[in-house]
Number of protein chains: 2
Amino acid sequence: MKTLKSIILSLIISVPVISVAQETIRDIRANGNPIINADNSATFYLKYATGVTPQLNASFLSQPAEMTYDSINNIYSYTSAPLPSNIYTYTFNVEGTPILDTSNYQMMRDITSVMNYFIINDGNSSSMGYLCDANKVARGSVVTQWIPSATTGSSRRTTIYLPAGFNPADSTRYPVLYLLHGSGGDEDAWQELGRATFILDNLIANGKAEKMIVVMPNGNIDRNSSPLQTSGERPGMSNGRWMDGAFELYFPELVEAIDNLYPTIQSAEGRAVAGLSMGGFHSMNISRIYPEKFSYVGLFSAATTAHASKNKIAEVFENEIDRLKAQMQGPLKLYWIGIGTDDFLYEENVNYRAMLDSIAFPYQYHESAGGHQWSNWRDYLSIFLPLLFK
Amino acid sequence: MKTLKSIILSLIISVPVISVAQETIRDIRANGNPIINADNSATFYLKYATGVTPQLNASFLSQPAEMTYDSINNIYSYTSAPLPSNIYTYTFNVEGTPILDTSNYQMMRDITSVMNYFIINDGNSSSMGYLCDANKVARGSVVTQWIPSATTGSSRRTTIYLPAGFNPADSTRYPVLYLLHGSGGDEDAWQELGRATFILDNLIANGKAEKMIVVMPNGNIDRNSSPLQTSGERPGMSNGRWMDGAFELYFPELVEAIDNLYPTIQSAEGRAVAGLSMGGFHSMNISRIYPEKFSYVGLFSAATTAHASKNKIAEVFENEIDRLKAQMQGPLKLYWIGIGTDDFLYEENVNYRAMLDSIAFPYQYHESAGGHQWSNWRDYLSIFLPLLFK
């Protein structure tokens with residue numbers, strides 16, 4: 001009887017324990033990882049060998065957090081504080097090696113690094129969680145297209161957003177935003193890391209941005225595409241042609257090609273150019289040397305000096321002040337500058353604004369917290385888009 | 001002196017060891033993983049906690065292979081046999097948990113599973129390694145477009161391939177292949193796992209396939225898109241509407257929408273429908289109930305009976321023999337069936353062919369090794385495409 005009693009007792013005790021363990025594993029497989037709790041905190045699980053201290057490296061943490069081993073469920077876990085409505089990226093990390101979360105199929109690539117992401121969407125149409133999410137709104141099309149270039153002697157892969165309702169057969173003509181990535185990025189970056197097509201769909205559907213075509217070219221003049229689209233090519237930045245002015249001189253050819261391929265408004269009032277980091281540098285230069293082409297300019301955490309060019313093409317960089325004076329006299333309607341106080345380019349932007357101020361060049365300035373990071377660039381895009389083509 | 005000598009000696013001995021270790025790690029970071037050796041074998045490295053036995057789970061292995069721990073370089077590794085020119089998928093595996101290779105940014109998603117891939121391309125334009133790779137050939141555009149449907153009362157996300165040189169402004173009209181995925185797949189599957197747009201670019205560039213538009217819809221009638229494109233939606237197969245006939249009844253609406261949106265050849269001679277597994281089932285049914293619409297049909301590892309439908313829509317499935325007889329009298333030019341001898345649907349296909357034979361229904365039959373797997377479906381596509389629109 002004692003043995004039977006102890007068996008029954010152990011069953012009574014062990015059943016809930018087994019149940020919890022199975023429930024945890026079932027949740028991860030059925031519902032994905034992380035689990036979003038009722039208070040919008042997120043619980044991350046990681047199956048890994050015992051005896052190590054995995055860390056969670058997440059965009060909502062200022063430094064990686066240690067995960068706790070749960071010997072009952074035989075799994076590591078970490079629960080965050082409640083999180084605001086936003087998109088978040090993360091990987092696990094064990095002794096310096098990043099570990100992707102194979103229980104979460106949501107991943108995005110940043111050059112050679114792949115990371116997981118998840119979205120907390122509170123349904124508030126102003127929140128970044130809503131703006132970055134695939135809500136039940138009219139959705140635009142996304143085209144990846146190889147556009148021939150006589151300048152480079154090659155075809156260059158370009159990502160193009162066409163707004164919901166776009167129909168080449170009707171007579172509507174659309175304004176165009178040229179949206180440029182940073183060093184080492186490619187024509188996938190704004191769509192993938194920047195969630196640009198989601199932000200556009202949501203702002204347009206809620207009447208906060210005009211319908212527009214958005215052109216996201218590859219900004220490395222000596223590369224034609226993402227490394228995923230070129231056999232044997234290794235990812236990374238341009239080699240010798242980085243920020244030397246060649247991309248800027250190529251740019252009018254892209255504008256002409258887009259004007260030939262799509263029903264665009266073919267004047268400055270219907271054109272914007274904006275970009276992040278190196279793409280901000282490109283936008284600054286392109287709008288300065290072709291002031292008649294663009295009424296709207298956006299510099300997001302922009303490099304404002306050529307950091308790495310060995311052989312700068314003089315005609316792109318000469319007469320800067322005179323050209324800026326001409327630009328402010330032209331069709332310019334908006335010159336928008338955004339930067340984070342922790343950005344390594346912050347001082348450079350202070351100096352650039354001082355130079356603009358010295359010639360009374362008009363601009364809008366947005367200063368945020370944080371540094372050189374996609375969370376800021378998604379924010380800047382969501383602020384910039386509603387200002388265009390009004 | 002002895003101490004100095006031993007220090008020098010240890011330097012002489014240790015330098016090459018350190019050098020090898022650093023070289024290994026440098027190679028992984030700089031060149032990605034796996035390393036393709038001169039004989040086209042592949043060496044895979046994995047940084048992981050000691051004391052476990054990681055496995056390599058790769059598409060070229062019949063079962064997972066144990067990786068060896070190298071205590072000098074402090075890394076696990078595995079070297080394959082020399083591999084033919086092809087695309088290969090893999091993950092690592094530790095005690096049942098899949099581990100993605102974060103040293104290789106090349107990944108593809110199969111429903112909820114993400115895996116790494118790599119390509120061995122010998123440059124032979126007939127090899128699958130070449131056909132699946134991004135070669136220096138003219139490249140088509142890829143559009144993801146939400147197409148409204150009155151039948152389903154929603155917009156449905158569709159992936160559309162437009163061949164190189166496509167220009168809606170000229171007078172060229174293109175034939176259309178409708179290419180359908182299997183259970184649990186979505187409108188990204190043929191592009192991502194099937195490498196369909198690469199195979200098309202390469203076959204067309206080498207004069208082996210006609211220029212065509214390829215339409216890859218979502219084949220789950222109660223889902224509008226990939227889960228990555230629908231907020232809060234969990235991936236997986238349709239719930240109640242799986243293989244019940246509803247997708248087939250919706251299909252003419254998609255064909256009409258494509259004919260309105262793109263410069264298509266609007267007759268059977270300019271239309272093909274093909275698919276894998278459930279998509280083969282759809283192709284079989286669609287071409288049988290609308291025989292006037294399609295001259296080319298492809299069944300790749302097709303389900304030929306409705307495996308899971310609880311509430312089959314009778315009008316789709318009734319009068320099968322009479323309809324097949326009408327189909328063979330119509331504009332049908334090619335009815336292509338491909339299946340692997342290890343496929344769980346092999347017997348079903350034997351039975352279906354016996355039925356076709358009993359009414360002298362003409363078809364081409366391709367039997368391969370292997371089972372229900374993407375390596376076969378990529379092969380079948382590369383065989384099927386050159387037969388279309390001749």
# chains A, B, ... in the order shown; residues from 1 in each chain; ligands from 1
call {"tool": "interface_residues", "arguments": {"of": "chain B", "to": "chain A", "cutoff": "9 Å", "atoms": "only C-alpha atoms", "output": "number ranges by chain"}}
result
B: 30-32, 47-52, 94-95, 97-107, 109, 111-115, 119, 121, 133-136, 138-146, 155, 164, 167-169, 228-232, 234, 261
call {"tool": "write_last_selection", "arguments": {"atoms": "C-alpha atoms", "output": "PDB file, in the first residue's frame"}}
result
ATOM      1  CA  ALA B  30      34.908  36.633 -44.503  1.00  0.00           C
ATOM      2  CA  ASN B  31      33.797  33.925 -46.875  1.00  0.00           C
ATOM      3  CA  GLY B  32      30.708  32.559 -45.237  1.00  0.00           C
ATOM      4  CA  LYS B  47      30.587  27.189 -33.006  1.00  0.00           C
ATOM      5  CA  TYR B  48      28.645  25.560 -30.165  1.00  0.00           C
ATOM      6  CA  ALA B  49      29.108  24.567 -26.526  1.00  0.00           C
ATOM      7  CA  THR B  50      31.456  21.596 -26.016  1.00  0.00           C
ATOM      8  CA  GLY B  51      30.268  18.177 -24.893  1.00  0.00           C
ATOM      9  CA  VAL B  52      27.418  17.712 -27.353  1.00  0.00           C
ATOM     10  CA  VAL B  94      21.675  19.619 -31.541  1.00  0.00           C
ATOM     11  CA  GLU B  95      19.623  17.161 -29.497  1.00  0.00           C
ATOM     12  CA  THR B  97      16.787  21.437 -31.903  1.00  0.00           C
ATOM     13  CA  PRO B  98      17.518  22.902 -35.351  1.00  0.00           C
ATOM     14  CA  ILE B  99      20.322  25.483 -35.317  1.00  0.00           C
ATOM     15  CA  LEU B 100      20.595  27.956 -38.174  1.00  0.00           C
ATOM     16  CA  ASP B 101      24.011  28.809 -39.556  1.00  0.00           C
ATOM     17  CA  THR B 102      24.492  32.468 -38.697  1.00  0.00           C
ATOM     18  CA  SER B 103      27.706  32.504 -40.759  1.00  0.00           C
ATOM     19  CA  ASN B 104      25.606  32.042 -43.905  1.00  0.00           C
ATOM     20  CA  TYR B 105      23.067  34.761 -44.681  1.00  0.00           C
ATOM     21  CA  GLN B 106      21.533  32.604 -47.427  1.00  0.00           C
ATOM     22  CA  MET B 107      18.292  31.292 -45.917  1.00  0.00           C
ATOM     23  CA  ARG B 109      11.585  29.677 -45.429  1.00  0.00           C
ATOM     24  CA  ILE B 111       6.190  27.390 -43.926  1.00  0.00           C
ATOM     25  CA  THR B 112       7.458  27.871 -40.330  1.00  0.00           C
ATOM     26  CA  SER B 113      10.909  26.388 -40.862  1.00  0.00           C
ATOM     27  CA  VAL B 114      13.842  28.465 -41.997  1.00  0.00           C
ATOM     28  CA  MET B 115      16.902  26.706 -43.398  1.00  0.00           C
ATOM     29  CA  ILE B 119      24.808  26.703 -54.402  1.00  0.00           C
ATOM     30  CA  ASN B 121      27.431  26.146 -59.770  1.00  0.00           C
ATOM     31  CA  ASP B 133      21.897  30.613 -59.429  1.00  0.00           C
ATOM     32  CA  ALA B 134      21.953  34.339 -60.136  1.00  0.00           C
ATOM     33  CA  ASN B 135      24.063  34.205 -63.293  1.00  0.00           C
ATOM     34  CA  LYS B 136      25.080  37.194 -65.380  1.00  0.00           C
ATOM     35  CA  ALA B 138      19.179  39.294 -68.413  1.00  0.00           C
ATOM     36  CA  ARG B 139      16.934  39.186 -65.372  1.00  0.00           C
ATOM     37  CA  GLY B 140      13.176  39.444 -65.109  1.00  0.00           C
ATOM     38  CA  SER B 141      11.144  41.487 -62.641  1.00  0.00           C
ATOM     39  CA  VAL B 142       9.255  40.051 -59.690  1.00  0.00           C
ATOM     40  CA  VAL B 143       6.058  41.729 -58.532  1.00  0.00           C
ATOM     41  CA  THR B 144       4.127  40.991 -55.361  1.00  0.00           C
ATOM     42  CA  GLN B 145       0.639  42.325 -55.892  1.00  0.00           C
ATOM     43  CA  TRP B 146      -2.621  42.193 -53.940  1.00  0.00           C
ATOM     44  CA  SER B 155      -7.489  40.926 -51.842  1.00  0.00           C
ATOM     45  CA  ALA B 164      13.537  40.388 -68.973  1.00  0.00           C
ATOM     46  CA  ASN B 167       7.578  46.508 -71.225  1.00  0.00           C
ATOM     47  CA  PRO B 168       3.842  47.136 -70.880  1.00  0.00           C
ATOM     48  CA  ALA B 169       4.176  50.052 -73.314  1.00  0.00           C
ATOM     49  CA  LEU B 228       4.548  37.296 -42.940  1.00  0.00           C
ATOM     50  CA  GLN B 229       2.096  39.568 -44.760  1.00  0.00           C
ATOM     51  CA  THR B 230      -0.901  39.231 -42.452  1.00  0.00           C
ATOM     52  CA  SER B 231      -0.860  40.643 -38.927  1.00  0.00           C
ATOM     53  CA  GLY B 232      -1.134  38.080 -36.188  1.00  0.00           C
ATOM     54  CA  ARG B 234      -0.038  31.951 -37.820  1.00  0.00           C
ATOM     55  CA  LEU B 261      -3.656  43.743 -65.564  1.00  0.00           C
TER      56      LEU B 261
END
call {"tool": "select_by_dssp", "arguments": {"residues": "segment 179-222 of chain B", "states": "alpha helix (DSSP H)", "output": "JSON, numbers by chain"}}
result
{"B": [189, 190, 191, 192, 196, 197, 198, 199, 200, 201, 202, 203, 204, 205]}
call {"tool": "residues_around", "arguments": {"residues": "segment 351-363 of chain B", "least_positions_apart": "6", "cutoff": "7 Å", "atoms": "only C-alpha atoms", "output": "list of chain:residue names"}}
result
B:Thr304, B:Met328, B:Leu334, B:Tyr335, B:Trp336
call {"tool": "write_last_selection", "arguments": {"atoms": "all heavy atoms", "output": "PDB file, in the first residue's frame"}}
result
ATOM      1  N   THR B 304      -3.681  13.236 -56.310  1.00  0.00           N
ATOM      2  CA  THR B 304      -4.697  13.037 -57.349  1.00  0.00           C
ATOM      3  C   THR B 304      -6.046  12.663 -56.746  1.00  0.00           C
ATOM      4  O   THR B 304      -7.011  12.453 -57.470  1.00  0.00           O
ATOM      5  CB  THR B 304      -4.246  11.971 -58.374  1.00  0.00           C
ATOM      6  OG1 THR B 304      -3.942  10.768 -57.671  1.00  0.00           O
ATOM      7  CG2 THR B 304      -3.006  12.443 -59.122  1.00  0.00           C
ATOM      8  N   MET B 328      -9.387  16.090 -73.331  1.00  0.00           N
ATOM      9  CA  MET B 328      -8.465  15.594 -74.358  1.00  0.00           C
ATOM     10  C   MET B 328      -8.938  15.938 -75.777  1.00  0.00           C
ATOM     11  O   MET B 328      -8.139  15.933 -76.712  1.00  0.00           O
ATOM     12  CB  MET B 328      -8.197  14.085 -74.197  1.00  0.00           C
ATOM     13  CG  MET B 328      -9.389  13.197 -74.307  1.00  0.00           C
ATOM     14  SD  MET B 328      -9.050  11.482 -73.744  1.00  0.00           S
ATOM     15  CE  MET B 328      -8.625  10.700 -75.296  1.00  0.00           C
ATOM     16  N   LEU B 334      -0.311  19.597 -73.935  1.00  0.00           N
ATOM     17  CA  LEU B 334       0.650  18.897 -73.079  1.00  0.00           C
ATOM     18  C   LEU B 334       0.031  18.646 -71.716  1.00  0.00           C
ATOM     19  O   LEU B 334      -0.483  19.574 -71.073  1.00  0.00           O
ATOM     20  CB  LEU B 334       1.922  19.744 -72.901  1.00  0.00           C
ATOM     21  CG  LEU B 334       2.960  19.187 -71.911  1.00  0.00           C
ATOM     22  CD1 LEU B 334       3.607  17.917 -72.454  1.00  0.00           C
ATOM     23  CD2 LEU B 334       4.035  20.238 -71.597  1.00  0.00           C
ATOM     24  N   TYR B 335       0.082  17.381 -71.275  1.00  0.00           N
ATOM     25  CA  TYR B 335      -0.342  17.009 -69.929  1.00  0.00           C
ATOM     26  C   TYR B 335       0.829  16.256 -69.343  1.00  0.00           C
ATOM     27  O   TYR B 335       1.104  15.121 -69.735  1.00  0.00           O
ATOM     28  CB  TYR B 335      -1.601  16.127 -70.021  1.00  0.00           C
ATOM     29  CG  TYR B 335      -2.431  16.038 -68.762  1.00  0.00           C
ATOM     30  CD1 TYR B 335      -3.486  16.926 -68.537  1.00  0.00           C
ATOM     31  CD2 TYR B 335      -2.198  15.048 -67.808  1.00  0.00           C
ATOM     32  CE1 TYR B 335      -4.280  16.829 -67.394  1.00  0.00           C
ATOM     33  CE2 TYR B 335      -2.985  14.951 -66.666  1.00  0.00           C
ATOM     34  CZ  TYR B 335      -4.025  15.847 -66.462  1.00  0.00           C
ATOM     35  OH  TYR B 335      -4.814  15.748 -65.336  1.00  0.00           O
ATOM     36  N   TRP B 336       1.569  16.931 -68.469  1.00  0.00           N
ATOM     37  CA  TRP B 336       2.871  16.426 -68.021  1.00  0.00           C
ATOM     38  C   TRP B 336       2.758  15.973 -66.567  1.00  0.00           C
ATOM     39  O   TRP B 336       2.296  16.731 -65.698  1.00  0.00           O
ATOM     40  CB  TRP B 336       3.907  17.541 -68.144  1.00  0.00           C
ATOM     41  CG  TRP B 336       5.342  17.119 -68.010  1.00  0.00           C
ATOM     42  CD1 TRP B 336       6.187  16.780 -69.027  1.00  0.00           C
ATOM     43  CD2 TRP B 336       6.119  17.027 -66.804  1.00  0.00           C
ATOM     44  NE1 TRP B 336       7.439  16.478 -68.532  1.00  0.00           N
ATOM     45  CE2 TRP B 336       7.430  16.613 -67.171  1.00  0.00           C
ATOM     46  CE3 TRP B 336       5.848  17.229 -65.449  1.00  0.00           C
ATOM     47  CZ2 TRP B 336       8.448  16.420 -66.236  1.00  0.00           C
ATOM     48  CZ3 TRP B 336       6.854  17.037 -64.517  1.00  0.00           C
ATOM     49  CH2 TRP B 336       8.143  16.628 -64.910  1.00  0.00           C
TER      50      TRP B 336
END
call {"tool": "residues_around", "arguments": {"residues": "Asp39 of chain A", "least_positions_apart": "2", "cutoff": "10 Å", "atoms": "only C-alpha atoms", "output": "number ranges by chain"}}
result
A: 36-37, 41-42, 81-83
call {"tool": "write_last_selection", "arguments": {"atoms": "C-alpha atoms", "output": "CSV table (one decimal), in the first residue's frame"}}
result
chain,number,residue,atom,x,y,z
A,36,ILE,CA,3.6,38.0,-26.0
A,37,ASN,CA,2.1,38.2,-22.5
A,41,SER,CA,6.0,41.8,-22.0
A,42,ALA,CA,7.6,39.2,-24.2
A,81,ALA,CA,9.4,44.5,-19.2
A,82,PRO,CA,6.2,45.5,-20.9
A,83,LEU,CA,7.0,46.8,-24.4
call {"tool": "atom_distance", "arguments": {"atom1": "atom CA of Asn116 of chain B", "atom2": "atom CA of Ala205 of chain B"}}
result
27.3 Å
call {"tool": "residues_around", "arguments": {"residues": "Glu367 of chain A", "least_positions_apart": "6", "cutoff": "7 Å", "atoms": "only C-alpha atoms", "output": "CSV table (one decimal) with C-alpha atoms, in the first residue's frame"}}
result
chain,number,residue,atom,x,y,z
A,338,GLY,CA,16.8,64.0,-38.6
A,339,ILE,CA,19.5,62.6,-36.2
A,340,GLY,CA,19.8,60.9,-32.8
A,341,THR,CA,21.7,62.5,-30.0
call {"tool": "select_by_dssp", "arguments": {"residues": "segment 252-355 of chain B", "states": "strand (DSSP E)", "output": "PyMOL selection string"}}
result
chain B and resi 271-276+296-300+334-340
call {"tool": "write_last_selection", "arguments": {"atoms": "N, CA, C and O atoms", "output": "PDB file, in the first residue's frame"}}
result
ATOM      1  N   ARG B 271      -1.795  29.700 -72.311  1.00  0.00           N
ATOM      2  CA  ARG B 271      -1.946  29.493 -70.859  1.00  0.00           C
ATOM      3  C   ARG B 271      -1.535  28.100 -70.438  1.00  0.00           C
ATOM      4  O   ARG B 271      -1.883  27.105 -71.083  1.00  0.00           O
ATOM      5  N   ALA B 272      -0.789  28.051 -69.325  1.00  0.00           N
ATOM      6  CA  ALA B 272      -0.415  26.786 -68.695  1.00  0.00           C
ATOM      7  C   ALA B 272      -0.779  26.859 -67.225  1.00  0.00           C
ATOM      8  O   ALA B 272      -0.757  27.939 -66.625  1.00  0.00           O
ATOM      9  N   VAL B 273      -1.092  25.700 -66.644  1.00  0.00           N
ATOM     10  CA  VAL B 273      -1.282  25.629 -65.193  1.00  0.00           C
ATOM     11  C   VAL B 273      -0.541  24.396 -64.682  1.00  0.00           C
ATOM     12  O   VAL B 273      -0.670  23.303 -65.235  1.00  0.00           O
ATOM     13  N   ALA B 274       0.272  24.605 -63.660  1.00  0.00           N
ATOM     14  CA  ALA B 274       1.064  23.511 -63.104  1.00  0.00           C
ATOM     15  C   ALA B 274       1.256  23.752 -61.618  1.00  0.00           C
ATOM     16  O   ALA B 274       1.200  24.897 -61.151  1.00  0.00           O
ATOM     17  N   GLY B 275       1.501  22.683 -60.887  1.00  0.00           N
ATOM     18  CA  GLY B 275       1.730  22.852 -59.460  1.00  0.00           C
ATOM     19  C   GLY B 275       2.260  21.588 -58.843  1.00  0.00           C
ATOM     20  O   GLY B 275       2.276  20.518 -59.464  1.00  0.00           O
ATOM     21  N   LEU B 276       2.698  21.725 -57.595  1.00  0.00           N
ATOM     22  CA  LEU B 276       3.281  20.600 -56.867  1.00  0.00           C
ATOM     23  C   LEU B 276       2.317  20.160 -55.769  1.00  0.00           C
ATOM     24  O   LEU B 276       1.663  20.981 -55.134  1.00  0.00           O
ATOM     25  N   TYR B 296      -1.684  23.700 -71.640  1.00  0.00           N
ATOM     26  CA  TYR B 296      -0.522  23.059 -71.005  1.00  0.00           C
ATOM     27  C   TYR B 296      -0.810  22.831 -69.523  1.00  0.00           C
ATOM     28  O   TYR B 296      -1.234  23.753 -68.820  1.00  0.00           O
ATOM     29  N   VAL B 297      -0.564  21.611 -69.076  1.00  0.00           N
ATOM     30  CA  VAL B 297      -0.862  21.238 -67.685  1.00  0.00           C
ATOM     31  C   VAL B 297       0.325  20.466 -67.119  1.00  0.00           C
ATOM     32  O   VAL B 297       0.893  19.600 -67.796  1.00  0.00           O
ATOM     33  N   GLY B 298       0.715  20.775 -65.885  1.00  0.00           N
ATOM     34  CA  GLY B 298       1.806  20.053 -65.231  1.00  0.00           C
ATOM     35  C   GLY B 298       1.424  19.595 -63.833  1.00  0.00           C
ATOM     36  O   GLY B 298       0.993  20.409 -63.012  1.00  0.00           O
ATOM     37  N   LEU B 299       1.563  18.302 -63.580  1.00  0.00           N
ATOM     38  CA  LEU B 299       1.298  17.757 -62.250  1.00  0.00           C
ATOM     39  C   LEU B 299       2.627  17.279 -61.664  1.00  0.00           C
ATOM     40  O   LEU B 299       3.183  16.278 -62.115  1.00  0.00           O
ATOM     41  N   PHE B 300       3.152  18.001 -60.684  1.00  0.00           N
ATOM     42  CA  PHE B 300       4.438  17.666 -60.065  1.00  0.00           C
ATOM     43  C   PHE B 300       4.142  17.013 -58.709  1.00  0.00           C
ATOM     44  O   PHE B 300       3.654  17.665 -57.786  1.00  0.00           O
ATOM     45  N   LEU B 334      -0.311  19.597 -73.935  1.00  0.00           N
ATOM     46  CA  LEU B 334       0.650  18.897 -73.079  1.00  0.00           C
ATOM     47  C   LEU B 334       0.031  18.646 -71.716  1.00  0.00           C
ATOM     48  O   LEU B 334      -0.483  19.574 -71.073  1.00  0.00           O
ATOM     49  N   TYR B 335       0.082  17.381 -71.275  1.00  0.00           N
ATOM     50  CA  TYR B 335      -0.342  17.009 -69.929  1.00  0.00           C
ATOM     51  C   TYR B 335       0.829  16.256 -69.343  1.00  0.00           C
ATOM     52  O   TYR B 335       1.104  15.121 -69.735  1.00  0.00           O
ATOM     53  N   TRP B 336       1.569  16.931 -68.469  1.00  0.00           N
ATOM     54  CA  TRP B 336       2.871  16.426 -68.021  1.00  0.00           C
ATOM     55  C   TRP B 336       2.758  15.973 -66.567  1.00  0.00           C
ATOM     56  O   TRP B 336       2.296  16.731 -65.698  1.00  0.00           O
ATOM     57  N   ILE B 337       3.177  14.756 -66.288  1.00  0.00           N
ATOM     58  CA  ILE B 337       3.119  14.195 -64.937  1.00  0.00           C
ATOM     59  C   ILE B 337       4.532  13.819 -64.506  1.00  0.00           C
ATOM     60  O   ILE B 337       5.217  13.063 -65.212  1.00  0.00           O
ATOM     61  N   GLY B 338       4.966  14.331 -63.359  1.00  0.00           N
ATOM     62  CA  GLY B 338       6.272  13.970 -62.816  1.00  0.00           C
ATOM     63  C   GLY B 338       6.132  13.502 -61.375  1.00  0.00           C
ATOM     64  O   GLY B 338       5.384  14.106 -60.596  1.00  0.00           O
ATOM     65  N   ILE B 339       6.825  12.439 -61.019  1.00  0.00           N
ATOM     66  CA  ILE B 339       6.759  11.939 -59.632  1.00  0.00           C
ATOM     67  C   ILE B 339       8.032  11.148 -59.322  1.00  0.00           C
ATOM     68  O   ILE B 339       8.643  10.559 -60.216  1.00  0.00           O
ATOM     69  N   GLY B 340       8.409  11.156 -58.040  1.00  0.00           N
ATOM     70  CA  GLY B 340       9.568  10.390 -57.583  1.00  0.00           C
ATOM     71  C   GLY B 340       9.143   9.026 -57.062  1.00  0.00           C
ATOM     72  O   GLY B 340       8.059   8.889 -56.495  1.00  0.00           O
TER      73      GLY B 340
END
call {"tool": "closest_residue", "arguments": {"among": "A:Lys333, A:His282, A:Arg173, A:Arg223", "to": "Thr305 of chain A", "atoms": "only C-alpha atoms"}}
result
A:His282
call {"tool": "residues_around", "arguments": {"residues": "segment 387-390 of chain A", "least_positions_apart": "3", "cutoff": "7 Å", "atoms": "only C-alpha atoms", "output": "count of residues only"}}
result
5
call {"tool": "residues_around", "arguments": {"residues": "Ala65 of chain B", "least_positions_apart": "5", "cutoff": "12 Å", "atoms": "only C-alpha atoms", "output": "PyMOL selection string"}}
result
chain B and resi 44+53-60+77-81+90-94
call {"tool": "write_last_selection", "arguments": {"atoms": "C-alpha atoms", "output": "mmCIF file, in the first residue's frame"}}
result
data_model
loop_
_atom_site.group_PDB
_atom_site.id
_atom_site.type_symbol
_atom_site.label_atom_id
_atom_site.label_comp_id
_atom_site.auth_asym_id
_atom_site.auth_seq_id
_atom_site.Cartn_x
_atom_site.Cartn_y
_atom_site.Cartn_z
ATOM 1 C CA PHE B 44 30.659 23.215 -42.545
ATOM 2 C CA THR B 53 27.266 15.983 -30.729
ATOM 3 C CA PRO B 54 25.865 18.386 -33.285
ATOM 4 C CA GLN B 55 24.584 16.955 -36.538
ATOM 5 C CA LEU B 56 24.483 18.363 -40.030
ATOM 6 C CA ASN B 57 21.022 17.874 -41.526
ATOM 7 C CA ALA B 58 21.514 18.541 -45.245
ATOM 8 C CA SER B 59 19.539 17.901 -48.411
ATOM 9 C CA PHE B 60 22.475 15.944 -49.884
ATOM 10 C CA SER B 77 33.078 20.692 -38.459
ATOM 11 C CA TYR B 78 31.932 18.283 -41.153
ATOM 12 C CA THR B 79 33.195 17.857 -44.704
ATOM 13 C CA SER B 80 30.910 16.367 -47.346
ATOM 14 C CA ALA B 81 31.778 14.214 -50.319
ATOM 15 C CA TYR B 90 20.797 22.454 -44.472
ATOM 16 C CA THR B 91 20.535 23.209 -40.791
ATOM 17 C CA PHE B 92 22.582 22.041 -37.861
ATOM 18 C CA ASN B 93 20.840 19.996 -35.231
ATOM 19 C CA VAL B 94 21.675 19.619 -31.541
#
